[in-house]
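Worksheet for the structure shown next.
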Amino acid sequence: MAFSYITEQLDDRKTLARYRKRVCVQADVESQSTKINIAGKNYLNFSSNDYLGLNNHIQINKAMQEGLDKFGLSSCSSSLVTGFNYAHQALEDKICQWLNKPKCLLFSSGFAANTALFQTLGHDALQSNCQFYLDKLSHASMLDGAFSSKAKVKRFAHNDTTQLAKLLSASGDSNKLIASEGIFSMDGDQAEVNELKQLAKEHDAWLFLDDAHSIGVIGDQGQGSSAILNSNKTPAANIVMGTFGKAIATSGAFLACDEQLHDYLINFARHYIYSTAISPALAWATIKSIELIQQEQWRRDKIFELSDLLKSLLDPNIEVTPSASSIHAIIVGSEQKALKVSEQLKEQGIWLTAIRPPTVPVGSSRLRVTVCAQHNHNDIKHLAKCLNEALI
Ligand SMILES: Cc1ncc(COP(=O)(O)O)c(C=O)c1O
């Protein structure tokens with residue numbers, strides 16, 4: 001039978017407790033990002049990436065409406081035809097100022113931006129003198145982009161800058177790119193950005209940081225990893241990717257870089273050239289969201305205050321990965337155990353999705369708790385109590 005592997009592979013996933021299915025969240029205008037309604041039942045949501053609680057913010061919604069009235073919902077073509085308009089330009093300028101980068105390019109998603117970057121830098125067989133060095137825990141979109149390019153790819157153990165230094169020293173390649181996430185999506189810990197930058201300098205390499213989970217959350221204006229590098233007077237990463245769909249609470253992504261790479265991407269990045277530009281209304285709303293992020297430090301302070309509270313309330317025998325962000329991973333081991341605890345929490349009104357392989361390494365299935373600015377002390381106390389009961 002044609003494509004019989006489809007059934008076989010789905011059955012394998014079921015046997016291994018790795019089968020996934022979607023749940024449909026009910027529309028509810030009143031709801032905050034901390035509450036969701038699924039199949040008629042309300043839950044306290046600890047799986048959202050709306051870290052700053054900006055989804056449904058009245059000013060962002062108003063900017064969206066204004067963007068719709070001024071520019072329309074659709075960009076109606078790709079950026080290189082007639083899809084690039086004033087709203088996109090204004091958003092790019094805003095991001096350049098925010099991160100202190102010369103240029104910025106918008107993409108429809110972080111997945112597209114990452115894939116575009118690696119594929120484009122490594123697209124030419126003549127450039128096979130190009131090597132990418134990726135942290136082992138890099139996001140699927142970085143890995144897919146890197147491995148589908150013509151560049152050589154090496155992976156270093158998570159945050160192991162000693163191993164990275166050895167790999168860089170052993171290489172004769174002239175075009176080296178070090179790549180890491182700023183905050184790691186499934187662990188919540190931070191890359192050694194200053195050391196990575198230093199190594200890049202020593203080995204004449206470029207540094208790329210995926211700030212999907214740092215943007216908005218790290219830095220006194222939410223600038224992400226750039227805030228750490230700039231505060232140490234280190235030149236920023238050569239290339240930064242940030243997504244709009246997490247702390248910024250809209251949708252889409254950007255790559256910030258220098259003028260030459262910007263020009264190169266416009267001319268060679270297939271994801272950019274052959275794809276409809278992001279909605280201009282969404283770009284307009286994203287500018288408002290970034291303004292709020294720059295102004296409202298209390299949202300970041302709240303995340304760290306509530307994260308400390310959670311850690312202080314959890315039983316000391318529960319191992320939580322060291323975190324510098326909203327993300328706190330409780331590694332439970334097997335897929336079955338993660339699913340069991342997640343189900344148990346649901347009965348107590350908590351939504352906490354079990355994260356299993358292949359998203360995370362085998363044996364490290366986990367509960368990935370996201371603490372958001374809109375949670376309150378009682379939410380955290382309830383979560384800690386339920387986790388202590390379920391895990392100890
Ligand atoms: C580290 C990281 N990079 C990139 C992406 C992709 O971003 P987007 O959701 O905008 O496609 C994600 C999202 O899951 C992510 O966690």
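Residues in the structure tokens are named by chain (A, B, ... in the order shown) and by number from 1 within that chain; ligands are numbered from 1 in the order shown.
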_At most 6 Å from ligand 1 (only C-alpha atoms and all ligand atoms): residue list as a VMD selection string_ = chain A and resid 109 to 111 139 181 185 210 212 243 245 252 to 253
Dump N, CA and C atoms for the selected residues as a short mmCIF file (atom, residue, chain, number, x, y, z; two decimals), in the first residue's frame?
```
data_model
loop_
_atom_site.label_atom_id
_atom_site.label_comp_id
_atom_site.auth_asym_id
_atom_site.auth_seq_id
_atom_site.Cartn_x
_atom_site.Cartn_y
_atom_site.Cartn_z
N SER A 109 7.66 34.02 10.18
CA SER A 109 7.80 33.26 11.44
C SER A 109 9.26 33.13 11.81
N GLY A 110 9.50 32.77 13.05
CA GLY A 110 10.86 32.52 13.49
C GLY A 110 11.44 31.30 12.77
N PHE A 111 10.58 30.33 12.51
CA PHE A 111 11.04 29.13 11.82
C PHE A 111 11.57 29.52 10.43
N HIS A 139 17.27 25.07 18.42
CA HIS A 139 15.91 24.83 17.93
C HIS A 139 15.90 24.10 16.58
N GLU A 181 20.91 29.54 20.99
CA GLU A 181 19.74 30.29 21.46
C GLU A 181 20.21 31.20 22.59
N SER A 185 14.86 27.27 24.77
CA SER A 185 13.40 27.17 24.79
C SER A 185 12.86 26.10 25.72
N ASP A 210 19.63 33.20 18.59
CA ASP A 210 18.18 33.08 18.43
C ASP A 210 17.57 33.55 19.75
N ALA A 212 14.43 34.07 20.51
CA ALA A 212 12.98 33.82 20.56
C ALA A 212 12.44 33.95 21.99
N THR A 243 11.50 36.49 17.66
CA THR A 243 10.15 36.16 17.19
C THR A 243 9.16 37.16 17.78
N GLY A 245 5.96 36.13 18.15
CA GLY A 245 4.84 35.32 18.63
C GLY A 245 4.94 34.89 20.09
N GLY A 252 5.14 36.57 13.67
CA GLY A 252 6.18 36.90 12.70
C GLY A 252 7.54 36.89 13.39
N ALA A 253 8.55 37.42 12.72
CA ALA A 253 9.91 37.40 13.29
C ALA A 253 10.81 38.37 12.54
#
```
*Within 9 Å of Asp124 of chain A using only C-alpha atoms, minus same-chain residues under 6 positions, as a list in words*: Ser149, Lys150 and Ala151 of chain A
Please save C-alpha atoms of the selected residues as an mmCIF file, in the first residue's frame.
```
data_model
loop_
_atom_site.group_PDB
_atom_site.id
_atom_site.type_symbol
_atom_site.label_atom_id
_atom_site.label_comp_id
_atom_site.auth_asym_id
_atom_site.auth_seq_id
_atom_site.Cartn_x
_atom_site.Cartn_y
_atom_site.Cartn_z
ATOM 1 C CA SER A 149 22.500 24.022 3.544
ATOM 2 C CA LYS A 150 25.760 23.151 1.834
ATOM 3 C CA ALA A 151 27.855 24.297 4.803
#
```
*Tell me, as a VMD selection string, which residues lie within 12 Å of Leu229 of chain A, counting only C-alpha atoms; anything in the same chain fewer than 4 positions away does not count.*
chain A and resid 99 to 100 182 191 to 198 207 209 218 to 219 223 to 225 233 to 238 240
*Skipping near chain neighbours, those fewer than 2 positions away, what residues fall within 10 Å of Gln297 of chain A using only C-alpha atoms, listed as an MDAnalysis selection string?*
chainID A and resid 52 216:217 219:222 292:295 299:302
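Atom CA of Leu352 of chain A lies 6.8 Å from atom CA of Val369 of chain A.
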*DSSP strand (DSSP E or B) residues within segment 94-189 of chain A, as a list in words*: Lys103, Cys104, Leu105, Leu106, Phe107, Cys130, Gln131, Phe132, Tyr133, Leu134, Asp135, Lys152, Val153, Lys154, Arg155, Phe156, Asn175, Lys176, Leu177, Ile178, Ala179, Ser180, Glu181 and Ile183 of chain A
*Residues near Ile330 of chain A, cut-off 12 Å, only C-alpha atoms, skip fewer than 2 positions along chain, as number ranges by chain*: A: 186-188, 310-311, 314-315, 317-323, 327-328, 332-333, 337-338, 341-342, 352-355, 364-370, 384, 387-388, 391
DSSP on the backbone: what in segment 209-274 of chain A comes out helix (DSSP H, G or I), as a compact mmCIF listing (two decimals) with all heavy atoms, in the first residue's frame?
```txt
# COMPACT_ATOMS: atom_id res chain seq x y z
N SER A 225 19.38 39.25 24.42
CA SER A 225 20.81 39.03 24.64
C SER A 225 21.65 40.26 24.33
O SER A 225 22.73 40.43 24.90
CB SER A 225 21.31 37.88 23.77
OG SER A 225 20.59 36.73 24.04
N SER A 226 21.19 41.09 23.42
CA SER A 226 21.94 42.30 23.07
C SER A 226 22.18 43.15 24.31
O SER A 226 23.21 43.83 24.42
CB SER A 226 21.19 43.14 22.05
OG SER A 226 20.82 42.35 20.96
N ALA A 227 21.25 43.12 25.26
CA ALA A 227 21.40 43.90 26.49
C ALA A 227 22.61 43.42 27.28
O ALA A 227 23.36 44.23 27.84
CB ALA A 227 20.15 43.80 27.34
N ILE A 228 22.81 42.11 27.33
CA ILE A 228 23.94 41.56 28.10
C ILE A 228 25.25 41.93 27.41
O ILE A 228 26.19 42.38 28.05
CB ILE A 228 23.85 40.02 28.18
CG1 ILE A 228 22.50 39.60 28.74
CG2 ILE A 228 24.99 39.44 29.00
CD1 ILE A 228 22.22 38.13 28.57
N LEU A 229 25.30 41.73 26.10
CA LEU A 229 26.54 42.02 25.37
C LEU A 229 26.86 43.51 25.44
O LEU A 229 27.98 43.89 25.73
CB LEU A 229 26.40 41.56 23.92
CG LEU A 229 26.38 40.03 23.75
CD1 LEU A 229 25.90 39.63 22.38
CD2 LEU A 229 27.75 39.44 24.00
N ASN A 230 25.86 44.34 25.24
CA ASN A 230 26.12 45.79 25.26
C ASN A 230 26.55 46.26 26.64
O ASN A 230 27.41 47.13 26.76
CB ASN A 230 24.89 46.57 24.80
CG ASN A 230 24.66 46.38 23.30
OD1 ASN A 230 25.58 46.02 22.59
ND2 ASN A 230 23.45 46.60 22.85
N SER A 231 25.96 45.65 27.71
CA SER A 231 26.29 46.12 29.06
C SER A 231 27.76 45.81 29.39
O SER A 231 28.35 46.44 30.23
CB SER A 231 25.37 45.50 30.10
OG SER A 231 25.70 44.15 30.25
N GLU A 259 24.49 45.86 7.24
CA GLU A 259 23.91 46.26 5.95
C GLU A 259 24.18 45.24 4.85
O GLU A 259 23.32 44.93 4.04
CB GLU A 259 24.49 47.61 5.52
CG GLU A 259 24.17 48.69 6.52
CD GLU A 259 23.95 50.04 5.88
OE1 GLU A 259 23.86 50.12 4.65
OE2 GLU A 259 23.87 51.01 6.64
N GLN A 260 25.42 44.73 4.86
CA GLN A 260 25.82 43.82 3.77
C GLN A 260 25.02 42.51 3.82
O GLN A 260 24.52 42.05 2.80
CB GLN A 260 27.31 43.51 3.92
CG GLN A 260 27.88 42.75 2.76
CD GLN A 260 28.67 43.65 1.85
OE1 GLN A 260 29.23 44.62 2.33
NE2 GLN A 260 28.73 43.37 0.58
N LEU A 261 24.88 41.95 5.03
CA LEU A 261 24.12 40.70 5.14
C LEU A 261 22.65 40.95 4.81
O LEU A 261 21.99 40.13 4.16
CB LEU A 261 24.28 40.08 6.55
CG LEU A 261 23.49 38.79 6.76
CD1 LEU A 261 23.92 37.70 5.77
CD2 LEU A 261 23.65 38.27 8.19
N HIS A 262 22.14 42.08 5.23
CA HIS A 262 20.77 42.47 4.93
C HIS A 262 20.53 42.45 3.42
O HIS A 262 19.57 41.86 2.91
CB HIS A 262 20.55 43.87 5.52
CG HIS A 262 19.18 44.43 5.35
ND1 HIS A 262 18.87 45.35 4.37
CD2 HIS A 262 18.04 44.24 6.05
CE1 HIS A 262 17.61 45.69 4.47
NE2 HIS A 262 17.08 45.02 5.49
N ASP A 263 21.46 43.05 2.72
CA ASP A 263 21.38 43.13 1.27
C ASP A 263 21.45 41.73 0.65
O ASP A 263 20.73 41.39 -0.29
CB ASP A 263 22.57 43.98 0.79
CG ASP A 263 22.29 44.64 -0.52
OD1 ASP A 263 21.12 44.69 -0.93
OD2 ASP A 263 23.26 45.10 -1.17
N TYR A 264 22.34 40.91 1.24
CA TYR A 264 22.53 39.54 0.74
C TYR A 264 21.25 38.73 0.93
O TYR A 264 20.82 38.01 0.03
CB TYR A 264 23.70 38.91 1.52
CG TYR A 264 24.19 37.60 0.97
CD1 TYR A 264 24.80 37.52 -0.28
CD2 TYR A 264 24.05 36.42 1.71
CE1 TYR A 264 25.25 36.32 -0.78
CE2 TYR A 264 24.51 35.22 1.22
CZ TYR A 264 25.11 35.15 -0.03
OH TYR A 264 25.56 33.96 -0.52
N LEU A 265 20.63 38.88 2.12
CA LEU A 265 19.40 38.12 2.39
C LEU A 265 18.28 38.56 1.44
O LEU A 265 17.53 37.73 0.93
CB LEU A 265 18.96 38.33 3.85
CG LEU A 265 19.86 37.67 4.91
CD1 LEU A 265 19.52 38.18 6.31
CD2 LEU A 265 19.72 36.14 4.87
N ILE A 266 18.18 39.85 1.19
CA ILE A 266 17.14 40.35 0.28
C ILE A 266 17.34 39.74 -1.11
O ILE A 266 16.39 39.43 -1.82
CB ILE A 266 17.16 41.90 0.23
CG1 ILE A 266 16.60 42.46 1.53
CG2 ILE A 266 16.36 42.43 -0.97
CD1 ILE A 266 16.65 43.97 1.63
N ASN A 267 18.56 39.51 -1.47
CA ASN A 267 18.84 39.01 -2.82
C ASN A 267 18.90 37.49 -2.93
O ASN A 267 18.73 36.95 -4.01
CB ASN A 267 20.15 39.61 -3.34
CG ASN A 267 19.93 41.02 -3.82
OD1 ASN A 267 19.45 41.22 -4.93
ND2 ASN A 267 20.20 42.01 -2.97
N PHE A 268 19.18 36.81 -1.80
CA PHE A 268 19.37 35.36 -1.90
C PHE A 268 18.47 34.51 -0.99
O PHE A 268 18.41 33.30 -1.17
CB PHE A 268 20.84 34.99 -1.60
CG PHE A 268 21.79 35.45 -2.67
CD1 PHE A 268 22.46 36.65 -2.55
CD2 PHE A 268 21.99 34.68 -3.81
CE1 PHE A 268 23.34 37.09 -3.54
CE2 PHE A 268 22.86 35.11 -4.81
CZ PHE A 268 23.54 36.32 -4.68
N ARG A 270 15.55 32.66 0.00
CA ARG A 270 14.35 32.21 -0.73
C ARG A 270 13.09 32.39 0.11
O ARG A 270 12.03 32.69 -0.42
CB ARG A 270 14.54 30.76 -1.17
CG ARG A 270 15.67 30.60 -2.17
CD ARG A 270 16.05 29.15 -2.39
NE ARG A 270 15.02 28.39 -3.09
CZ ARG A 270 14.84 28.38 -4.41
NH1 ARG A 270 15.62 29.10 -5.18
NH2 ARG A 270 13.89 27.65 -4.95
N HIS A 271 13.22 32.21 1.45
CA HIS A 271 12.04 32.41 2.31
C HIS A 271 11.57 33.86 2.26
O HIS A 271 10.40 34.14 2.51
CB HIS A 271 12.37 32.07 3.77
CG HIS A 271 12.49 30.62 4.02
ND1 HIS A 271 13.62 29.90 3.73
CD2 HIS A 271 11.62 29.73 4.55
CE1 HIS A 271 13.45 28.64 4.05
NE2 HIS A 271 12.25 28.52 4.56
N TYR A 272 12.49 34.77 2.04
CA TYR A 272 12.11 36.18 1.98
C TYR A 272 11.58 36.55 0.60
O TYR A 272 10.53 37.19 0.47
CB TYR A 272 13.32 37.07 2.33
CG TYR A 272 12.90 38.50 2.57
CD1 TYR A 272 12.24 38.85 3.75
CD2 TYR A 272 13.14 39.49 1.62
CE1 TYR A 272 11.83 40.16 3.98
CE2 TYR A 272 12.73 40.80 1.85
CZ TYR A 272 12.08 41.12 3.02
OH TYR A 272 11.66 42.41 3.24
N ILE A 273 12.30 36.09 -0.42
CA ILE A 273 11.98 36.51 -1.79
C ILE A 273 10.64 35.91 -2.27
O ILE A 273 9.84 36.60 -2.88
CB ILE A 273 13.11 36.08 -2.75
CG1 ILE A 273 14.43 36.71 -2.32
CG2 ILE A 273 12.78 36.44 -4.21
CD1 ILE A 273 15.66 36.12 -2.99
```
_Neighbouring residues of Gly67 of chain A were defined as those with any atom within 10 Å, considering only C-alpha atoms; residues of the same chain fewer than 5 positions away were excluded. Please report them as number ranges by chain._
A: 61-62, 72-73, 87, 279-285
Residues from the last selection, N, CA, C and O atoms, saved as a PDB file, in the first residue's frame:
```pdb
ATOM      1  N   ASN A  61      -4.253  46.033  20.537  1.00  0.00           N
ATOM      2  CA  ASN A  61      -5.452  45.787  19.715  1.00  0.00           C
ATOM      3  C   ASN A  61      -5.862  47.049  18.955  1.00  0.00           C
ATOM      4  O   ASN A  61      -6.263  46.998  17.793  1.00  0.00           O
ATOM      5  N   LYS A  62      -5.745  48.197  19.641  1.00  0.00           N
ATOM      6  CA  LYS A  62      -6.102  49.475  18.993  1.00  0.00           C
ATOM      7  C   LYS A  62      -5.142  49.771  17.835  1.00  0.00           C
ATOM      8  O   LYS A  62      -5.563  50.207  16.753  1.00  0.00           O
ATOM      9  N   GLY A  72      -4.453  47.991   5.631  1.00  0.00           N
ATOM     10  CA  GLY A  72      -5.128  46.745   5.256  1.00  0.00           C
ATOM     11  C   GLY A  72      -4.515  45.560   5.984  1.00  0.00           C
ATOM     12  O   GLY A  72      -3.470  45.671   6.623  1.00  0.00           O
ATOM     13  N   LEU A  73      -5.211  44.429   5.851  1.00  0.00           N
ATOM     14  CA  LEU A  73      -4.753  43.231   6.552  1.00  0.00           C
ATOM     15  C   LEU A  73      -3.608  42.549   5.804  1.00  0.00           C
ATOM     16  O   LEU A  73      -2.653  42.065   6.404  1.00  0.00           O
ATOM     17  N   ALA A  87       4.459  50.411   7.037  1.00  0.00           N
ATOM     18  CA  ALA A  87       4.360  49.757   8.360  1.00  0.00           C
ATOM     19  C   ALA A  87       5.557  48.820   8.585  1.00  0.00           C
ATOM     20  O   ALA A  87       6.111  48.754   9.690  1.00  0.00           O
ATOM     21  N   SER A 279       1.673  40.645   7.443  1.00  0.00           N
ATOM     22  CA  SER A 279       0.561  41.600   7.421  1.00  0.00           C
ATOM     23  C   SER A 279       1.030  42.980   7.910  1.00  0.00           C
ATOM     24  O   SER A 279       1.629  43.083   8.985  1.00  0.00           O
ATOM     25  N   PRO A 280       0.763  44.037   7.154  1.00  0.00           N
ATOM     26  CA  PRO A 280       1.185  45.371   7.604  1.00  0.00           C
ATOM     27  C   PRO A 280       0.457  45.806   8.882  1.00  0.00           C
ATOM     28  O   PRO A 280       1.044  46.509   9.714  1.00  0.00           O
ATOM     29  N   ALA A 281      -0.791  45.356   9.047  1.00  0.00           N
ATOM     30  CA  ALA A 281      -1.525  45.709  10.274  1.00  0.00           C
ATOM     31  C   ALA A 281      -0.828  45.080  11.483  1.00  0.00           C
ATOM     32  O   ALA A 281      -0.686  45.698  12.547  1.00  0.00           O
ATOM     33  N   LEU A 282      -0.369  43.857  11.272  1.00  0.00           N
ATOM     34  CA  LEU A 282       0.332  43.148  12.344  1.00  0.00           C
ATOM     35  C   LEU A 282       1.662  43.855  12.653  1.00  0.00           C
ATOM     36  O   LEU A 282       2.065  43.965  13.820  1.00  0.00           O
ATOM     37  N   ALA A 283       2.323  44.326  11.608  1.00  0.00           N
ATOM     38  CA  ALA A 283       3.590  45.051  11.814  1.00  0.00           C
ATOM     39  C   ALA A 283       3.325  46.308  12.642  1.00  0.00           C
ATOM     40  O   ALA A 283       4.086  46.639  13.563  1.00  0.00           O
ATOM     41  N   TRP A 284       2.221  46.987  12.347  1.00  0.00           N
ATOM     42  CA  TRP A 284       1.866  48.222  13.066  1.00  0.00           C
ATOM     43  C   TRP A 284       1.581  47.909  14.539  1.00  0.00           C
ATOM     44  O   TRP A 284       2.034  48.607  15.449  1.00  0.00           O
ATOM     45  N   ALA A 285       0.846  46.830  14.778  1.00  0.00           N
ATOM     46  CA  ALA A 285       0.537  46.423  16.158  1.00  0.00           C
ATOM     47  C   ALA A 285       1.826  46.017  16.889  1.00  0.00           C
ATOM     48  O   ALA A 285       1.981  46.283  18.096  1.00  0.00           O
TER      49      ALA A 285
END
```
_Who sits within 12 Å of His382 of chain A, only C-alpha atoms, same chain under 3 positions skipped, as a count of residues only_ = 22
_For a quick check of understanding, using only C-alpha atoms, which of A:Ile95, A:Leu106, A:Met142, A:Ile287 has the smallest distance to Ala63 of chain A?_
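That would be A:Ile287, the residue with the smallest distance to Ala63 of chain A.
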*Which is closest to Leu54 of chain A among A:Ala373, A:Leu164, A:Ala324, A:Met1, if we use only C-alpha atoms?*
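Answer, going by the shortest atom-to-atom distance: A:Ala373.
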*Using atom CA of Gln336 of chain A and atom CA of Asp308 of chain A as the two end points, give the distance in Å to one decimal.*
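So the two atoms, atom CA of Gln336 of chain A and atom CA of Asp308 of chain A, lie 28.7 Å apart.
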*Between atom CA of Asn49 of chain A and atom CA of Ala247 of chain A - distance in Å to one decimal*: 6.4 Å
*Using only C-alpha atoms, which of the listed residues (A:Cys96, A:Ala146, A:Ala249, A:Ala90) sits closest to Ser33 of chain A?*
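Of all the options, A:Ala249 lies closest to Ser33 of chain A.
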